[in-house]
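Chemist: The structure file target20.cif (mmCIF, C-alpha atoms and all ligand atoms) is provided below.
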```
data_upload
loop_
_atom_site.label_atom_id
_atom_site.label_comp_id
_atom_site.auth_asym_id
_atom_site.auth_seq_id
_atom_site.Cartn_x
_atom_site.Cartn_y
_atom_site.Cartn_z
CA MET S 29 -5.95 14.71 -32.23
CA SER S 30 -5.56 18.32 -31.05
CA LYS S 31 -9.26 18.62 -30.15
CA SER S 32 -10.04 19.73 -26.63
CA ILE S 33 -13.42 19.52 -24.95
CA SER S 34 -15.02 21.66 -22.29
CA GLY S 35 -17.81 20.47 -20.02
CA PHE S 36 -16.78 16.81 -20.44
CA SER S 37 -17.64 15.99 -16.84
CA LYS S 38 -21.18 17.29 -17.38
CA LEU S 39 -21.89 14.89 -20.28
CA SER S 40 -23.84 11.71 -19.59
CA LYS S 41 -21.79 8.50 -19.39
CA SER S 42 -22.88 7.38 -22.85
CA HIS S 43 -22.08 10.78 -24.37
CA LYS S 44 -18.66 10.68 -22.76
CA ILE S 45 -18.07 7.27 -24.34
CA ASP S 46 -19.32 8.49 -27.72
CA TRP S 47 -16.88 11.39 -27.59
CA ILE S 48 -13.93 9.18 -26.54
CA VAL S 49 -14.71 6.59 -29.19
CA ALA S 50 -15.17 9.21 -31.91
CA THR S 51 -12.07 11.21 -30.95
CA TYR S 52 -9.58 8.48 -30.12
CA PHE S 53 -10.90 5.29 -31.74
CA ASN S 54 -12.18 6.46 -35.09
CA ASN S 55 -15.70 5.52 -34.03
CA ASN S 56 -14.64 1.91 -33.80
CA ASP S 57 -17.41 -0.30 -32.37
CA ASN S 58 -14.90 -2.67 -30.86
CA ALA S 59 -13.63 0.04 -28.47
CA LYS S 60 -17.19 0.80 -27.38
CA ASN S 61 -17.91 -2.89 -26.87
CA ILE S 62 -14.85 -3.38 -24.68
CA ILE S 63 -15.81 -0.40 -22.53
CA LYS S 64 -19.37 -1.66 -22.12
CA GLN S 65 -18.35 -5.27 -21.58
CA TYR S 66 -17.00 -4.31 -18.18
CA TRP S 67 -20.19 -2.65 -16.98
CA ASN S 68 -21.94 -4.44 -14.16
CA SER S 69 -25.41 -5.67 -15.00
CA ASN S 70 -26.60 -4.61 -11.55
CA ILE S 71 -27.53 -0.99 -12.22
CA LYS S 72 -27.29 0.14 -8.60
CA LEU S 73 -23.88 -1.46 -8.16
CA GLN S 74 -22.67 0.11 -11.39
CA GLN S 75 -23.90 3.50 -10.28
CA LEU S 76 -22.02 3.12 -6.99
CA HIS S 77 -18.79 2.54 -8.91
CA ASP S 78 -19.57 5.33 -11.38
CA GLU S 79 -19.84 7.73 -8.49
CA PHE S 80 -16.53 6.87 -6.80
CA ILE S 81 -14.69 9.18 -9.22
CA GLU S 82 -15.42 11.71 -11.94
CA ASN S 83 -15.75 10.77 -15.61
CA THR S 84 -16.16 7.02 -15.02
CA ILE S 85 -16.76 5.23 -18.31
CA THR S 86 -16.33 1.63 -17.17
CA ASN S 87 -14.80 -0.61 -14.48
CA TYR S 88 -11.24 -1.89 -14.38
CA TYR S 89 -11.02 -5.44 -13.05
CA LEU S 90 -8.19 -6.90 -11.02
CA PRO S 91 -8.30 -10.51 -9.85
CA PHE S 92 -9.40 -10.82 -6.22
CA GLY S 93 -7.70 -13.91 -4.81
CA VAL S 94 -7.36 -15.48 -1.40
CA ALA S 95 -4.26 -16.86 0.32
CA PRO S 96 -5.40 -19.29 3.06
CA ASN S 97 -3.59 -20.85 6.03
CA PHE S 98 -2.12 -17.71 7.57
CA LEU S 99 -1.68 -18.32 11.30
CA ILE S 100 -1.16 -14.88 12.85
CA ASN S 101 -0.88 -14.55 16.64
CA ASN S 102 -2.53 -17.99 16.88
CA LYS S 103 -5.56 -16.97 14.80
CA MET S 104 -6.22 -18.42 11.34
CA HIS S 105 -6.74 -16.11 8.39
CA ALA S 106 -7.49 -16.40 4.69
CA ILE S 107 -6.03 -13.18 3.31
CA PRO S 108 -7.77 -11.40 0.42
CA MET S 109 -5.45 -10.06 -2.27
CA ALA S 110 -6.27 -7.88 -5.29
CA ILE S 111 -3.38 -8.17 -7.74
CA GLU S 112 -2.66 -8.96 -11.37
CA GLU S 113 0.82 -10.54 -11.00
CA SER S 114 0.52 -14.28 -11.63
CA SER S 115 2.69 -15.72 -8.88
CA VAL S 116 1.91 -13.49 -5.89
CA VAL S 117 -1.08 -15.28 -4.34
CA ALA S 118 0.49 -18.69 -4.95
CA ALA S 119 3.72 -17.57 -3.27
CA ALA S 120 1.85 -16.11 -0.29
CA SER S 121 -0.15 -19.32 0.13
CA LYS S 122 2.99 -21.44 0.02
CA ALA S 123 4.74 -19.29 2.60
CA ALA S 124 1.63 -19.32 4.81
CA LYS S 125 1.50 -23.11 4.77
CA PHE S 126 5.24 -23.38 5.45
CA TRP S 127 5.05 -21.12 8.51
CA PHE S 128 1.72 -22.60 9.68
CA GLU S 129 3.66 -25.82 10.25
CA ARG S 130 6.30 -23.88 12.23
CA GLY S 131 4.19 -21.91 14.69
CA GLY S 132 2.86 -19.21 12.36
CA PHE S 133 3.49 -15.47 12.32
CA LYS S 134 3.76 -13.20 15.34
CA ALA S 135 2.83 -9.56 14.82
CA GLU S 136 2.56 -6.50 17.03
CA VAL S 137 1.70 -2.86 16.51
CA LEU S 138 4.48 -0.69 17.93
CA SER S 139 2.82 2.73 17.53
CA THR S 140 -0.15 4.40 15.82
CA THR S 141 0.68 8.11 15.60
CA LYS S 142 -0.15 10.02 12.42
CA VAL S 143 1.19 13.37 11.30
CA GLY S 144 -0.04 16.54 9.60
CA GLN S 145 1.57 19.90 8.98
CA VAL S 146 0.65 23.51 8.33
CA HIS S 147 3.46 24.99 6.23
CA PHE S 148 3.76 28.76 6.47
CA ILE S 149 6.01 31.77 5.97
CA PHE S 150 6.58 34.22 8.84
CA HIS S 151 8.47 37.45 8.32
CA GLY S 152 10.19 37.71 11.70
CA ASP S 153 12.27 35.94 14.35
CA PHE S 154 11.62 32.51 15.84
CA PRO S 155 11.50 33.59 19.54
CA VAL S 156 8.74 36.12 18.78
CA LEU S 157 6.78 33.54 16.81
CA ASN S 158 7.32 30.94 19.51
CA THR S 159 5.87 33.21 22.21
CA PHE S 160 2.82 33.76 20.01
CA PHE S 161 2.52 30.01 19.34
CA LYS S 162 2.52 29.25 23.08
CA THR S 163 -0.28 31.73 23.67
CA VAL S 164 -2.47 30.38 20.85
CA LYS S 165 -1.76 26.64 21.02
CA SER S 166 -4.78 25.85 23.22
CA LYS S 167 -7.00 28.05 21.01
CA LEU S 168 -5.88 26.06 17.96
CA ILE S 169 -6.99 22.86 19.65
CA GLN S 170 -10.20 24.41 20.99
CA ALA S 171 -11.22 25.69 17.56
CA THR S 172 -11.18 22.14 16.18
CA GLN S 173 -13.67 20.87 18.79
CA PRO S 174 -16.55 20.40 16.32
CA ILE S 175 -14.23 18.26 14.16
CA THR S 176 -12.58 16.30 16.99
CA LYS S 177 -15.42 15.67 19.45
CA ASN S 178 -16.56 12.33 18.00
CA MET S 179 -13.01 11.07 17.58
CA GLU S 180 -12.25 12.15 21.16
CA LYS S 181 -15.29 10.27 22.47
CA ARG S 182 -13.80 7.11 20.99
CA GLY S 183 -10.39 7.82 22.53
CA GLY S 184 -8.56 9.49 19.64
CA GLY S 185 -7.92 13.05 18.52
CA ILE S 186 -5.08 15.57 18.40
CA LEU S 187 -2.05 14.43 20.38
CA ASP S 188 0.12 17.53 20.13
CA ILE S 189 1.10 20.52 18.00
CA GLU S 190 4.71 21.71 17.77
CA LEU S 191 6.15 24.78 16.14
CA ARG S 192 9.09 23.87 13.92
CA ASP S 193 11.70 26.29 12.63
CA LYS S 194 12.73 25.35 9.07
CA THR S 195 14.43 28.65 8.20
CA GLU S 196 17.80 26.93 7.71
CA SER S 197 16.38 25.39 4.53
CA ILE S 198 13.96 28.08 3.31
CA ASP S 199 13.91 31.72 4.38
CA GLY S 200 10.95 32.41 6.70
CA TYR S 201 9.66 28.80 6.56
CA PHE S 202 8.02 27.39 9.71
CA GLN S 203 5.61 24.55 10.41
CA LEU S 204 2.87 23.61 12.79
CA HIS S 205 3.73 19.94 13.10
CA ALA S 206 0.76 18.09 14.57
CA THR S 207 0.33 14.50 15.69
CA PHE S 208 -2.93 12.56 15.76
CA GLU S 209 -4.47 9.31 16.94
CA THR S 210 -7.19 8.30 14.48
CA LEU S 211 -8.02 4.81 15.86
CA ASP S 212 -9.71 2.63 13.22
CA ALA S 213 -9.87 5.38 10.60
CA MET S 214 -7.02 6.07 8.21
CA GLY S 215 -7.85 9.62 9.22
CA ALA S 216 -6.90 11.65 6.13
CA ASN S 217 -10.10 13.74 6.13
CA PHE S 218 -10.05 14.15 9.88
CA ILE S 219 -6.41 15.29 9.90
CA ASN S 220 -6.78 17.63 6.93
CA SER S 221 -9.89 19.26 8.42
CA CYS S 222 -8.05 19.84 11.73
CA LEU S 223 -5.04 21.30 9.91
CA GLU S 224 -7.12 23.69 7.84
CA GLN S 225 -8.80 24.89 11.04
CA PHE S 226 -5.38 25.31 12.74
CA ALA S 227 -4.22 27.42 9.80
CA LYS S 228 -7.33 29.60 9.89
CA THR S 229 -7.20 30.20 13.66
CA PHE S 230 -3.43 30.75 13.56
CA ARG S 231 -3.75 33.47 10.91
CA GLU S 232 -6.74 35.12 12.58
CA GLU S 233 -5.01 35.20 15.98
CA ALA S 234 -1.81 36.57 14.45
CA LEU S 235 -3.71 39.54 13.04
CA LEU S 236 -4.93 40.34 16.59
CA TYR S 237 -1.62 39.73 18.39
CA ASP S 238 -0.08 42.85 19.95
CA GLY S 239 3.40 41.34 20.16
CA PHE S 240 3.70 41.30 16.34
CA SER S 241 4.68 44.17 14.03
CA GLU S 242 2.35 44.76 11.06
CA LYS S 243 4.69 42.70 8.87
CA GLU S 244 4.85 39.86 11.37
CA LYS S 245 1.05 39.76 11.63
CA ASP S 246 0.80 38.78 7.98
CA ILE S 247 1.42 35.02 8.26
CA ASP S 248 1.42 33.43 4.83
CA VAL S 249 -0.03 29.89 4.99
CA ILE S 250 1.35 27.90 2.07
CA MET S 251 -0.59 24.67 2.68
CA SER S 252 -2.13 22.41 5.29
CA ILE S 253 -1.92 18.68 4.66
CA LEU S 254 -1.37 15.34 6.38
CA SER S 255 1.93 13.55 5.89
CA ASN S 256 1.96 10.06 4.43
CA TYR S 257 5.29 9.56 6.15
CA VAL S 258 4.27 7.81 9.37
CA PRO S 259 7.44 6.46 11.02
CA ASN S 260 5.54 6.36 14.32
CA CYS S 261 2.66 4.27 12.98
CA LEU S 262 4.69 1.09 12.99
CA VAL S 263 3.99 -2.62 12.89
CA ARG S 264 6.37 -5.54 13.30
CA ALA S 265 5.82 -9.10 12.07
CA GLU S 266 8.12 -12.05 12.63
CA VAL S 267 8.61 -15.73 11.99
CA SER S 268 11.14 -18.00 13.66
CA CYS S 269 12.01 -21.68 13.86
CA PRO S 270 14.99 -23.92 14.62
CA VAL S 271 17.42 -23.74 11.70
CA LYS S 272 17.16 -27.52 11.21
CA ASP S 273 13.43 -27.16 10.40
CA LEU S 274 13.96 -24.58 7.72
CA THR S 275 13.74 -26.73 4.61
CA GLU S 276 11.18 -29.20 3.36
CA ASP S 277 13.36 -30.41 0.53
CA PRO S 278 15.84 -33.11 1.67
CA SER S 279 18.24 -32.05 -1.10
CA ILE S 280 18.61 -28.61 0.53
CA ASN S 281 20.74 -28.39 3.65
CA PRO S 282 18.88 -26.18 6.16
CA GLU S 283 22.04 -24.55 7.63
CA GLU S 284 23.32 -23.62 4.17
CA PHE S 285 19.89 -22.38 3.15
CA ALA S 286 19.60 -20.21 6.30
CA LYS S 287 23.04 -18.69 5.71
CA LYS S 288 22.33 -17.96 2.07
CA PHE S 289 18.94 -16.50 2.94
CA ILE S 290 20.48 -14.19 5.54
CA GLN S 291 23.16 -13.12 3.04
CA ALA S 292 20.41 -12.24 0.58
CA VAL S 293 18.73 -10.05 3.22
CA LYS S 294 22.06 -8.42 4.13
CA ILE S 295 22.69 -7.58 0.47
CA ALA S 296 19.31 -5.83 0.37
CA GLU S 297 20.27 -3.97 3.56
CA ILE S 298 23.34 -2.38 2.01
CA GLU S 299 22.75 -2.33 -1.78
CA PRO S 300 19.97 0.01 -2.97
CA PHE S 301 19.71 -1.60 -6.44
CA ARG S 302 18.84 -4.89 -4.76
CA ALA S 303 16.86 -3.26 -1.91
CA VAL S 304 14.38 -1.70 -4.33
CA THR S 305 13.55 -5.07 -5.93
CA HIS S 306 13.58 -6.82 -2.56
CA ASN S 307 11.09 -4.26 -1.21
CA LYS S 308 9.06 -4.39 -4.43
CA GLY S 309 8.49 -8.07 -3.69
CA ILE S 310 7.34 -7.16 -0.17
CA MET S 311 4.96 -4.57 -1.66
CA ASN S 312 3.50 -7.30 -3.92
CA GLY S 313 1.99 -8.74 -0.75
CA ILE S 314 1.29 -5.48 1.02
CA ASP S 315 -0.38 -3.59 -1.85
CA ALA S 316 -2.57 -6.56 -2.72
CA VAL S 317 -4.10 -6.66 0.77
CA VAL S 318 -4.22 -2.87 1.09
CA LEU S 319 -6.13 -2.69 -2.19
CA ALA S 320 -8.48 -5.58 -1.37
CA THR S 321 -9.37 -3.91 1.93
CA GLY S 322 -10.12 -0.56 0.31
CA ASN S 323 -7.09 1.27 1.66
CA ASP S 324 -4.91 3.86 -0.05
CA PHE S 325 -1.99 1.91 -1.54
CA ARG S 326 -0.33 5.07 -2.88
CA ALA S 327 -0.13 6.49 0.64
CA VAL S 328 1.25 3.20 1.93
CA GLU S 329 3.81 2.95 -0.89
CA ALA S 330 5.07 6.53 -0.40
CA GLY S 331 5.35 6.10 3.37
CA VAL S 332 6.99 2.71 3.25
CA HIS S 333 9.71 3.74 0.79
CA ALA S 334 10.47 6.92 2.75
CA TYR S 335 10.86 4.71 5.82
CA ALA S 336 13.18 2.38 3.90
CA SER S 337 15.46 5.41 3.32
CA ARG S 338 15.29 6.84 6.82
CA ASN S 339 18.99 6.22 7.54
CA GLY S 340 20.15 8.01 4.40
CA ILE S 341 20.41 4.91 2.20
CA TYR S 342 17.51 3.00 0.67
CA SER S 343 17.52 -0.32 2.49
CA SER S 344 15.66 -3.57 3.12
CA LEU S 345 12.41 -3.52 5.07
CA THR S 346 13.05 -7.05 6.32
CA HIS S 347 15.86 -8.44 8.44
CA ALA S 348 17.07 -11.92 9.37
CA LYS S 349 19.44 -13.54 11.85
CA ILE S 350 20.37 -16.83 13.49
CA GLU S 351 20.63 -16.82 17.27
CA ASN S 352 21.15 -19.99 19.35
CA ASP S 353 20.35 -22.12 16.29
CA ILE S 354 17.05 -20.35 15.79
CA PHE S 355 16.33 -18.61 12.49
CA TYR S 356 14.51 -15.25 12.85
CA PHE S 357 13.03 -13.26 9.96
CA TRP S 358 11.10 -10.05 10.53
CA ILE S 359 9.71 -6.87 8.99
CA GLU S 360 9.08 -3.46 10.53
CA ILE S 361 7.02 -1.04 8.46
CA PRO S 362 4.89 2.06 8.83
CA LEU S 363 1.27 1.46 7.79
CA ALA S 364 -1.52 4.03 8.11
CA LEU S 365 -4.61 1.91 7.48
CA GLY S 366 -8.30 2.22 8.18
CA THR S 367 -11.08 -0.30 8.70
CA VAL S 368 -13.82 2.32 8.99
CA GLY S 369 -14.59 5.25 6.69
CA GLY S 370 -13.49 5.64 3.08
CA LEU S 371 -14.40 2.71 0.84
CA THR S 372 -14.65 0.29 3.76
CA SER S 373 -18.41 0.52 4.19
CA LEU S 374 -19.17 1.49 0.61
CA HIS S 375 -17.53 -1.01 -1.73
CA PRO S 376 -19.24 -4.42 -1.45
CA LEU S 377 -16.05 -6.37 -2.19
CA VAL S 378 -14.08 -4.35 0.36
CA LYS S 379 -16.76 -5.08 2.95
CA LEU S 380 -16.53 -8.76 2.05
CA ALA S 381 -12.72 -8.68 2.32
CA LEU S 382 -12.93 -7.15 5.79
CA GLU S 383 -15.55 -9.67 6.86
CA LEU S 384 -13.31 -12.47 5.60
CA LEU S 385 -10.64 -11.06 7.91
CA HIS S 386 -13.09 -11.16 10.88
CA ASN S 387 -13.75 -7.39 10.62
CA PRO S 388 -10.36 -6.38 12.00
CA THR S 389 -9.51 -3.19 13.86
CA ALA S 390 -6.99 -0.96 12.10
CA LYS S 391 -4.29 -2.39 14.37
CA GLU S 392 -5.21 -5.96 13.44
CA LEU S 393 -5.23 -5.04 9.77
CA MET S 394 -1.76 -3.49 10.15
CA GLN S 395 -0.56 -6.87 11.50
CA ILE S 396 -2.19 -8.85 8.69
CA VAL S 397 -0.76 -6.58 5.99
CA ALA S 398 2.74 -6.70 7.49
CA VAL S 399 2.52 -10.49 7.59
CA ALA S 400 1.50 -10.58 3.90
CA GLY S 401 4.62 -8.53 3.09
CA LEU S 402 6.89 -10.75 5.15
CA ALA S 403 5.42 -13.94 3.66
CA GLN S 404 5.89 -12.60 0.16
CA ASN S 405 9.51 -11.72 0.84
CA PHE S 406 10.14 -15.14 2.37
CA ALA S 407 8.72 -16.85 -0.71
CA ALA S 408 10.76 -14.65 -3.08
CA LEU S 409 14.05 -15.10 -1.21
CA ARG S 410 13.49 -18.83 -0.85
CA SER S 411 13.08 -19.16 -4.62
CA LEU S 412 15.88 -16.74 -5.45
CA THR S 413 18.41 -18.51 -3.22
CA THR S 414 17.43 -22.03 -4.31
CA THR S 415 15.75 -22.75 -7.64
CA GLY S 416 15.78 -19.20 -9.01
CA ILE S 417 12.64 -17.13 -9.44
CA GLN S 418 11.72 -18.07 -12.99
CA GLU S 419 10.70 -21.66 -12.32
CA GLY S 420 7.72 -20.74 -10.13
CA HIS S 421 7.03 -17.48 -11.89
CA MET S 422 6.83 -19.03 -15.36
CA LYS S 423 4.61 -21.84 -14.08
CA MET S 424 2.11 -19.21 -13.02
CA HIS S 425 2.71 -17.05 -16.08
CA LEU S 426 2.14 -20.01 -18.39
CA MET S 427 -1.63 -19.43 -18.28
CA ASN S 428 -1.17 -15.80 -19.39
CA ILE S 429 0.82 -16.89 -22.44
CA LEU S 430 -1.70 -19.61 -23.27
CA ASN S 431 -4.50 -17.07 -23.02
CA GLN S 432 -2.56 -14.66 -25.22
CA PHE S 433 -2.53 -17.40 -27.88
CA GLU S 434 -6.20 -18.14 -27.25
CA ALA S 435 -5.44 -21.75 -26.34
CA THR S 436 -8.47 -24.05 -26.02
CA GLN S 437 -9.09 -25.85 -22.71
CA GLU S 438 -7.74 -29.05 -24.26
CA GLU S 439 -4.56 -27.30 -25.42
CA LYS S 440 -4.17 -25.77 -21.97
CA ASN S 441 -4.49 -29.15 -20.23
CA THR S 442 -1.91 -30.73 -22.53
CA LEU S 443 0.60 -27.90 -22.16
CA ILE S 444 0.19 -27.52 -18.38
CA GLU S 445 0.98 -31.24 -18.14
CA TYR S 446 3.95 -30.86 -20.51
CA PHE S 447 5.46 -27.95 -18.56
CA LYS S 448 5.34 -29.86 -15.28
CA SER S 449 8.50 -31.56 -16.51
CA HIS S 450 9.90 -28.94 -18.90
CA THR S 451 11.29 -25.46 -18.31
CA ALA S 452 8.77 -22.81 -19.26
CA THR S 453 10.11 -19.69 -20.94
CA HIS S 454 8.11 -17.42 -23.21
CA SER S 455 9.71 -18.91 -26.33
CA SER S 456 9.45 -22.53 -25.16
CA VAL S 457 5.72 -22.06 -24.49
CA VAL S 458 5.18 -20.46 -27.90
CA GLU S 459 7.12 -23.29 -29.54
CA ALA S 460 5.08 -25.92 -27.67
CA ILE S 461 1.79 -24.30 -28.74
CA ASN S 462 2.94 -24.22 -32.36
CA ASN S 463 4.11 -27.84 -32.24
CA LEU S 464 0.83 -28.93 -30.72
CA ARG S 465 -1.16 -27.09 -33.36
CA GLU S 466 0.92 -28.54 -36.19
CA GLN S 467 0.31 -32.13 -35.02
C1 LIG S 501 8.71 -9.84 -8.54
O1 LIG S 501 7.46 -9.21 -8.65
C2 LIG S 501 9.28 -9.67 -7.15
C3 LIG S 501 10.70 -10.20 -6.95
O2 LIG S 501 11.58 -9.63 -7.91
C4 LIG S 501 11.12 -9.83 -5.55
C5 LIG S 501 12.56 -10.10 -5.22
O3 LIG S 501 13.42 -10.10 -6.11
O4 LIG S 501 12.84 -10.24 -4.01
C6 LIG S 501 10.74 -11.69 -7.12
#
```
Can you dump the structure from the file as structure tokens?
Ligand code: MEV

Modeler:
Amino acid sequence: MSKSISGFSKLSKSHKIDWIVATYFNNNDNAKNIIKQYWNSNIKLQQLHDEFIENTITNYYLPFGVAPNFLINNKMHAIPMAIEESSVVAAASKAAKFWFERGGFKAEVLSTTKVGQVHFIFHGDFPVLNTFFKTVKSKLIQATQPITKNMEKRGGGILDIELRDKTESIDGYFQLHATFETLDAMGANFINSCLEQFAKTFREEALLYDGFSEKEKDIDVIMSILSNYVPNCLVRAEVSCPVKDLTEDPSINPEEFAKKFIQAVKIAEIEPFRAVTHNKGIMNGIDAVVLATGNDFRAVEAGVHAYASRNGIYSSLTHAKIENDIFYFWIEIPLALGTVGGLTSLHPLVKLALELLHNPTAKELMQIVAVAGLAQNFAALRSLTTTGIQEGHMKMHLMNILNQFEATQEEKNTLIEYFKSHTATHSSVVEAINNLREQ
């Protein structure tokens, strides 16, 4: 297994597969069949997917589900979700229905500023550098004109560039810290192109600047890259209702439920071990919509968790309170999303997902995604503080276990019926399958 290969990317798809199957699967036909089983029979569509990345050998499916009945700012939505976890779409749908009957979700975008930085080393003092920066700042912006003109026509572009002194942390380290408005685009390519141009102009101008010594002229650009930390690209989503309306189940007292729910949120606000799981549940909803709409879930994840730690302790992204007998539950998160560019006009399912959402602007998508996160958290906390999470989770997971045991449709029907009135755990399902098969 110590074989290496050069020129792999230049091989045809079928030669790549042959090499993989020969090297890692002992030429086993089964491996080749699995790889090919996931090819799309539509050759053009398959080629589109092949060309998204390098070295594609097949497609990787995730279920694409829909959670209906989301009332957001008085508009109805069926939210597309791409996710493998059994209970997520069901939980979102339940929460949507619950809040639909209580006025729905309210969401608003608080800000849309994105950030990028040129990180560099300067061998001199800050005041000297700052004087230079002030003289070249307008040239930095001017030099990006070919990149920014279309974005500017639509009302976006570069908002500002600041010089930041970071020498307290690293000797000679400074930044050009730039802010951007990228409208309906996520803006990664736009921002990175602007930053690389800033870096180039900054270096060129430094070489010509009379106020610098020879050493100072030699600015060492380390890198130019957008930041996925976007604390000023924020969206807020909220639900509220009178405390007395908070339960559907007559055996659950709404006041007690509200108090317990709020305690659960408070625990996640102060206890990082709980906060991580609490926020993971929120990301179940968020990632699923981000993925279905062709956005970069890794960027969203990184930015959201950084935001959750902004006060020096990793904390809950959601909050809850009771005021004048009204229960309030809300989320505030940074989301840099796009509804144009990237995969949005390229991937047929992404296009369909966006159409399903009435072709939202980036701001509208931010609201929808935040709502999906809040709904998911509501569903999780409601289960956790009442029945416990396993009841609902195992109901949904039951099908996975049945499939693992290759249950027939008849066996599935019998066991689904059986587990409506019995507790499903992995071992109880296995036992029930065995019992059924022994009959
Ligand atoms: C499971 O994917 C998510 C939960 O653990 C979230 C939570 O505990 O709040 C149920």

Chemist: Could you give me the residues within 8 Å of ligand LIG 501 (chain S), counting only C-alpha atoms and all ligand atoms, as a VMD selection string?

Modeler: chain S and resid 113 116 302 305 to 310 312 405 408 to 409 412 417

Chemist: Within 9 Å of segment 195-216 of chain S, which residues of segment 284-387 of chain S come that close, and what is the closest atom pair and distance in Å for each? Count all atoms listed in the file and give it as JSON lines.

Modeler:
```
{"residue": "S:Asn323", "atom": "CA", "partner": "S:Met214", "partner_atom": "CA", "distance": 8.1}
{"residue": "S:Asp324", "atom": "CA", "partner": "S:Met214", "partner_atom": "CA", "distance": 8.8}
{"residue": "S:Ala364", "atom": "CA", "partner": "S:Met214", "partner_atom": "CA", "distance": 5.9}
{"residue": "S:Leu365", "atom": "CA", "partner": "S:Met214", "partner_atom": "CA", "distance": 4.9}
{"residue": "S:Gly366", "atom": "CA", "partner": "S:Met214", "partner_atom": "CA", "distance": 4.1}
{"residue": "S:Thr367", "atom": "CA", "partner": "S:Asp212", "partner_atom": "CA", "distance": 5.6}
{"residue": "S:Val368", "atom": "CA", "partner": "S:Ala213", "partner_atom": "CA", "distance": 5.2}
{"residue": "S:Gly369", "atom": "CA", "partner": "S:Ala213", "partner_atom": "CA", "distance": 6.1}
{"residue": "S:Gly370", "atom": "CA", "partner": "S:Met214", "partner_atom": "CA", "distance": 8.3}
```

Chemist: Nearest to Cys269 of chain S among S:Thr141, S:Asn54, S:Asn352, S:Asn87, with distances taken over all atoms listed in the file: which residue is it?

Modeler: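 For Cys269 of chain S, the nearest of the given residues is S:Asn352.
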
Chemist: Please, what distance in Å, to one decimal, runs between atom CA of Glu233 of chain S and atom CA of Asp246 of chain S?

Modeler: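 Answer for the atom CA of Glu233 of chain S to atom CA of Asp246 of chain S separation: 10.5 Å.
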
Chemist: Might you pull out every residue within 9 Å of Ala327 of chain S, with only C-alpha atoms counted and same-chain residues fewer than 4 positions away left off, and present them as number ranges by chain?

Modeler: S: 256-257, 323, 331-332, 363-364

Chemist: Would you list the residues near (-10.7, 13.4, 15.7), meaning any protein, DNA or RNA residue with an atom at most 10 Å from that point in file coordinates, counting all atoms listed in the file, as a list of chain:residue names?

Modeler: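 Final list of nearby residues, as requested, is S:Thr172, S:Gln173, S:Pro174, S:Ile175, S:Thr176, S:Lys177, S:Asn178, S:Met179, S:Glu180, S:Lys181, S:Arg182, S:Gly183, S:Gly184, S:Gly185, S:Ile186, S:Leu187, S:Phe208, S:Glu209, S:Thr210, S:Leu211, S:Ala213, S:Gly215, S:Asn217, S:Phe218, S:Ile219, S:Ser221, S:Cys222.
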
Chemist: Would you list the residues near (11.2, -14.8, 14.6), meaning any protein, DNA or RNA residue with an atom at most 9 Å from that point in file coordinates, counting all atoms listed in the file, as a short mmCIF file (atom, residue, chain, number, x, y, z; two decimals) with C-alpha atoms, in the frame of the given file?

Modeler:
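After the write, selection_8.cif holds the following:
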```cif
data_model
loop_
_atom_site.label_atom_id
_atom_site.label_comp_id
_atom_site.auth_asym_id
_atom_site.auth_seq_id
_atom_site.Cartn_x
_atom_site.Cartn_y
_atom_site.Cartn_z
CA PHE S 133 3.49 -15.47 12.32
CA LYS S 134 3.76 -13.20 15.34
CA ALA S 265 5.82 -9.10 12.07
CA GLU S 266 8.12 -12.05 12.63
CA VAL S 267 8.61 -15.73 11.99
CA SER S 268 11.14 -18.00 13.66
CA CYS S 269 12.01 -21.68 13.86
CA ALA S 348 17.07 -11.92 9.37
CA LYS S 349 19.44 -13.54 11.85
CA ILE S 354 17.05 -20.35 15.79
CA PHE S 355 16.33 -18.61 12.49
CA TYR S 356 14.51 -15.25 12.85
CA PHE S 357 13.03 -13.26 9.96
CA TRP S 358 11.10 -10.05 10.53
#
```

Chemist: For Lys272 of chain S, list every protein, DNA or RNA residue within 12 Å, evaluated using all atoms listed in the file, and leave out those in the same chain fewer than 2 positions away; present the list as a list of chain:residue names.

Modeler: S:Arg130, S:Ser268, S:Cys269, S:Pro270, S:Leu274, S:Thr275, S:Glu276, S:Asp277, S:Pro278, S:Ile280, S:Asn281, S:Pro282, S:Glu283, S:Glu284, S:Phe285, S:Ala286, S:Lys287, S:Ile350, S:Asn352, S:Asp353, S:Ile354, S:Phe355

Chemist: Using all atoms listed in the file, which residue out of S:Arg465, S:His425, S:Arg192, S:Lys294 lies closest to Ala452 of chain S?

Modeler: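 Smallest separation from Ala452 of chain S among the options: S:His425.
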
Chemist: Do a neighbour search on Thr413 of chain S at 8 Å with only C-alpha atoms, toss out local chain neighbours closer than 2 positions, and write the hits as a list in words.

Modeler: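 In the requested form, the answer reads Phe285, Lys288, Phe289, Ala292, Leu409, Arg410, Ser411, Thr415 and Gly416 of chain S.
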
Chemist: For Ala120 of chain S, which of S:Gln437, S:Gln404, S:Gln74, S:Ser455 is the closest residue, counting all atoms listed in the file?

Modeler: S:Gln404

Chemist: Can you pull out every residue within 12 Å of segment 431-436 of chain S, counting all atoms listed in the file, but drop anything in the same chain fewer than 2 positions away, and send it as a list in words?

Modeler: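 Once the nearby chain positions are removed, what remains is His425, Leu426, Met427, Asn428, Ile429, Glu438, Glu439, Lys440, Asn441, Thr442, Leu443, Ile444, His454, Val457, Val458, Glu459, Ala460, Ile461, Asn462, Leu464 and Arg465 of chain S.
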
Chemist: In Å, how far is it from atom CA of Gly131 of chain S to atom CA of Val293 of chain S?

Modeler: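 Computing it gives 22.0 Å between the two atoms.
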